[in-house]
Amino acid sequence: MDGYNFAYLDEQTKRMIRRAILKAVAIPGHQIPFAGREMPLPYGWGTGGIQVTAAIIGPDDVLKVIDQGADDTTNAVSIRRFFARTAGVRTTTKTAEASVIQTRHRIPETPLRADQIIVYQVPMPEPLYKLEPSRAAAKRRHALADYGEMHVKLYEDITRFGRVAVAYDHPVMVNERYLMSPSPIPAFDNPKMHMMPALQLFGAGREKRIYAVPPFTEVKSLDFEDHPFHPGRAEQKCALCGGTKSYLDEIVIDDQGGRMFACSDTDYCESRRA
Amino acid sequence: MSLLLEARALQKNYGRITALADVSLNLRPREILAIVGESGSGKTTLLNVLAGRIAPDAGEVFYNGAPLSALGELKLRKLQRSRWGFIQQDPRAALRLDVSAGGNIGERLMAAGARHYGEIRATARQWLNAVEIDPERLDDMPKFFSGGMLQRLQIAATLVTEPEIVFMDEPTGGLDVSVQAKILDLIRGLVRRLGLAVVLVTHDIGVARLLADRLIVMRHGRIVETGLTDQVLDDPHHEYTQLLVSSVLPA
């Protein structure tokens, strides 16, 4: 596209973001501040993820973008089209064909490979923010690995609901050192982060933070010994592909109270039906 | 007997105001030391310096013979969260009001690494019992507790790690007299039973007389008199102490 640099951002900005990414990869789970730019989409729509993707994408890459697991939702379609126009890269909806996958709220069901990179869109990178309103104090806690009180929240959940009621954004310990927000993915997806062969990058645009989990890194969800972490999933099977192992969305289909369960990962569902 | 806590020549200024001037003191195991003085005499500053919450401008605090300043932030935090306790005048500032009583008591255990829900809960229940709160209120929010119950809860949440030293800042301030008496009774019982060392800041001579073994009288950031509680209160030497003792209203 005339008048724009490859992948929208200027090269100086990309270098700045790449430096942040390198630091993030060197210190798994640690949040690195970066000079986030204004992007042509609103905060909360993936401004962090889109900047990370713009900084790492090359002409030979194949891009997949998902929103809540789906390739055909507004956010996914517009970001995919954005890179198709500004970088001229090939795009795909197939997980296995993609080299870069930008995601909001899900990890694809198809296991990722070592030659792939997954970029998460993150609204709130600080896992301590509900416990510690001061950002300075939260940074101190990270520096001292002072995370014991995170379990107070889990304790309260078990007391009130009989189980840990964090259905999404369940905090994880990365490499036995840093507490990290996995972004608002369902708890169901947390185990996929553990020892994942693909590089995992996280971009928070409004909060201007980048963090990362390098390939084959230990990622452990917080839990109690007598209440182990439980990746939740609706006890149903997909109405379209009959799958019983994938994460399901509950969809209201009429105004008579009718509903159906279907795979949230549309590519996974389609590949099973083909 | 060896010293648990020792302060040497503490100095602290807030701008031109001197909060602590050449303050030295000792605390032995299982001893209750009261710091009395009027408002602005530096007693709360002294407590905060002893507890490692404020760094002194000069001088040093030693815990078991080792200087606090050499401990490092991480070790100091761990100490403050497990081997030491701090009871504030206003329990609302210390507790999490939207976390259940059990969660509040369990917080220090979890910060110290407890990861067994059932055990944390059982311990919290025992401690509610120990501070005379109905254990059935384990899952209630402290925001529905009365002032006296909140203070009991703070005591339970502090003592749950069975600390060695507890710092108390006017623990019965702001409570009405009958509740005050019950809390004092509770503190006295627990402290003796657990063998705690206590540094207690109060402006209430009666509280000091009831709880303390030894007394320090402060004025304008200096220690003006020190000695056994009965000795200081019954035979005050310094004119300020005499004033303080004679100012107590007869019951």
# chains A, B, ... in the order shown; residues from 1 in each chain; ligands from 1
>>> residues_around(residues="Lys78 in chain B", least_positions_apart="6", cutoff="10 Å", atoms="only C-alpha atoms", output="VMD selection string")
(chain A and resid 146) or (chain B and resid 84 111 to 112)
>>> write_last_selection(atoms="N, CA and C atoms", output="PDB file, in the first residue's frame")
ATOM      1  N   ASP A 146       6.877 -12.093  45.738  1.00  0.00           N
ATOM      2  CA  ASP A 146       6.056 -12.084  46.939  1.00  0.00           C
ATOM      3  C   ASP A 146       4.600 -12.269  46.518  1.00  0.00           C
TER       4      ASP A 146
ATOM      5  N   TRP B  84       7.227 -11.719  63.084  1.00  0.00           N
ATOM      6  CA  TRP B  84       6.748 -10.506  63.730  1.00  0.00           C
ATOM      7  C   TRP B  84       5.290 -10.289  63.397  1.00  0.00           C
ATOM      8  N   ALA B 111       0.692 -16.380  52.684  1.00  0.00           N
ATOM      9  CA  ALA B 111       1.884 -15.605  52.321  1.00  0.00           C
ATOM     10  C   ALA B 111       3.139 -16.370  52.718  1.00  0.00           C
ATOM     11  N   ALA B 112       3.022 -17.177  53.775  1.00  0.00           N
ATOM     12  CA  ALA B 112       4.176 -17.955  54.226  1.00  0.00           C
ATOM     13  C   ALA B 112       4.298 -19.272  53.479  1.00  0.00           C
TER      14      ALA B 112
END
>>> interface_residues(of="chain B", to="chain A", cutoff="8 Å", atoms="only C-alpha atoms", output="ChimeraX atom specification")
/B:74,99-100,103-104,106-108,110-113,115-118,139
>>> select_by_dssp(residues="range 6-251 of chain B", states="strand (DSSP E or B)", output="PyMOL selection string")
chain B and resi 6-14+17-27+32-36+58-63+66-67+84-87+165-169+197-202+214-219+222-228
>>> closest_residue(among="B:Leu150, B:Ala130, B:Ala70, B:Leu244", to="Gly174 in chain B", atoms="only C-alpha atoms")
B:Leu150
>>> atom_distance(atom1="CA of Tyr8 in chain A", atom2="CA of Thr86 in chain A")
5.6 Å
>>> closest_residue(among="A:Ala70, A:Ile118, A:Ala55, A:Val77", to="Cys269 in chain A", atoms="only C-alpha atoms")
A:Ala70
>>> residues_around(residues="range 47-58 of chain B", least_positions_apart="5", cutoff="7 Å", atoms="only C-alpha atoms", output="PDB file with N, CA and C atoms, in the first residue's frame")
ATOM      1  N   LEU B  10      18.839   5.699  68.087  1.00  0.00           N
ATOM      2  CA  LEU B  10      17.982   5.986  66.934  1.00  0.00           C
ATOM      3  C   LEU B  10      17.722   7.485  66.801  1.00  0.00           C
ATOM      4  N   GLN B  11      17.742   7.912  65.547  1.00  0.00           N
ATOM      5  CA  GLN B  11      17.536   9.326  65.234  1.00  0.00           C
ATOM      6  C   GLN B  11      16.576   9.389  64.054  1.00  0.00           C
ATOM      7  N   LYS B  12      15.567  10.234  64.155  1.00  0.00           N
ATOM      8  CA  LYS B  12      14.667  10.403  63.010  1.00  0.00           C
ATOM      9  C   LYS B  12      14.092  11.810  63.027  1.00  0.00           C
ATOM     10  N   PHE B 167       4.162  -5.988  67.622  1.00  0.00           N
ATOM     11  CA  PHE B 167       4.150  -4.542  67.835  1.00  0.00           C
ATOM     12  C   PHE B 167       2.699  -4.093  67.855  1.00  0.00           C
TER      13      PHE B 167
END
>>> closest_residue(among="B:Leu196, B:Met218, B:Leu243, B:Ala208", to="Leu27 in chain B", atoms="only C-alpha atoms")
B:Leu196
>>> residues_around(residues="Asp169 in chain A", least_positions_apart="6", cutoff="9 Å", atoms="only C-alpha atoms", output="PyMOL selection string")
chain A and resi 105+127+181-187+190
>>> residues_around(residues="Gln31 in chain A", least_positions_apart="2", cutoff="12 Å", atoms="only C-alpha atoms", output="ChimeraX atom specification")
/A:20-29,33-34,122,124-127,135,138-139,142-143,174,178-181,201-204,207-213
>>> select_by_dssp(residues="range 5-246 of chain B", states="alpha helix (DSSP H)", output="ChimeraX atom specification")
/B:43-50,73-81,91-94,101-111,117-130,147-159,177-194,205-211,229-234,239-246
>>> residues_around(residues="Gly173 in chain B", least_positions_apart="4", cutoff="12 Å", atoms="only C-alpha atoms", output="list of chain:residue names")
B:Ile87, B:Gln88, B:Gln89, B:Asp90, B:Pro91, B:Gly147, B:Gly148, B:Gln151, B:Met168, B:Asp169, B:Val177, B:Val179, B:Gln180, B:Ala181, B:Ile183, B:Leu184, B:Val201, B:Thr202, B:His203, B:Asp204, B:Val207
>>> write_last_selection(atoms="N, CA and C atoms", output="CSV table (one decimal), in the first residue's frame")
chain,number,residue,atom,x,y,z
B,87,ILE,N,-0.1,-4.9,65.2
B,87,ILE,CA,-1.5,-4.7,65.4
B,87,ILE,C,-1.7,-3.2,65.4
B,88,GLN,N,-2.6,-2.8,64.5
B,88,GLN,CA,-2.8,-1.3,64.4
B,88,GLN,C,-4.0,-0.9,65.2
B,89,GLN,N,-4.1,0.4,65.4
B,89,GLN,CA,-5.2,0.9,66.2
B,89,GLN,C,-6.5,0.7,65.4
B,90,ASP,N,-6.5,0.9,64.1
B,90,ASP,CA,-7.7,0.8,63.3
B,90,ASP,C,-7.7,-0.5,62.5
B,91,PRO,N,-8.4,-1.5,63.0
B,91,PRO,CA,-8.4,-2.8,62.3
B,91,PRO,C,-8.8,-2.7,60.8
B,147,GLY,N,-16.8,-3.0,65.9
B,147,GLY,CA,-15.4,-2.6,66.1
B,147,GLY,C,-14.6,-3.5,67.0
B,148,GLY,N,-15.2,-4.0,68.1
B,148,GLY,CA,-14.5,-4.9,69.0
B,148,GLY,C,-14.1,-6.2,68.3
B,151,GLN,N,-11.3,-5.8,65.9
B,151,GLN,CA,-10.0,-5.8,66.6
B,151,GLN,C,-9.6,-7.3,67.0
B,168,MET,N,2.3,-3.3,68.9
B,168,MET,CA,0.9,-2.9,69.0
B,168,MET,C,0.9,-1.4,69.1
B,169,ASP,N,0.0,-0.8,68.2
B,169,ASP,CA,-0.1,0.6,68.3
B,169,ASP,C,-1.5,1.0,68.8
B,177,VAL,N,-15.3,1.5,76.7
B,177,VAL,CA,-14.6,1.0,77.8
B,177,VAL,C,-14.8,-0.5,78.1
B,179,VAL,N,-15.7,-2.9,76.0
B,179,VAL,CA,-15.0,-3.7,74.9
B,179,VAL,C,-13.5,-3.6,75.1
B,180,GLN,N,-13.0,-2.5,75.5
B,180,GLN,CA,-11.6,-2.3,75.7
B,180,GLN,C,-11.1,-3.3,76.8
B,181,ALA,N,-11.9,-3.4,77.9
B,181,ALA,CA,-11.5,-4.3,79.0
B,181,ALA,C,-11.4,-5.7,78.5
B,183,ILE,N,-10.9,-6.8,75.4
B,183,ILE,CA,-9.7,-6.9,74.4
B,183,ILE,C,-8.4,-7.0,75.2
B,184,LEU,N,-8.3,-6.2,76.2
B,184,LEU,CA,-7.1,-6.2,77.0
B,184,LEU,C,-6.9,-7.5,77.7
B,201,VAL,N,2.5,0.5,72.2
B,201,VAL,CA,2.5,2.0,72.3
B,201,VAL,C,1.1,2.4,72.8
B,202,THR,N,1.0,3.2,73.8
B,202,THR,CA,-0.2,3.6,74.3
B,202,THR,C,-0.1,5.0,75.0
B,203,HIS,N,-1.2,5.8,75.0
B,203,HIS,CA,-1.2,7.0,75.8
B,203,HIS,C,-2.0,6.8,77.0
B,204,ASP,N,-2.5,5.5,77.2
B,204,ASP,CA,-3.4,5.2,78.3
B,204,ASP,C,-2.5,4.5,79.4
B,207,VAL,N,-3.8,1.1,80.5
B,207,VAL,CA,-3.4,0.0,79.7
B,207,VAL,C,-2.0,-0.5,79.9
>>> residues_around(residues="Ile117 in chain A", least_positions_apart="5", cutoff="7 Å", atoms="only C-alpha atoms", output="PyMOL selection string")
chain A and resi 99-101+198-200
>>> atom_distance(atom1="CA of Asn175 in chain A", atom2="CA of Ser221 in chain A")
11.4 Å
>>> atom_distance(atom1="CA of Glu170 in chain B", atom2="CA of Arg192 in chain B")
18.8 Å
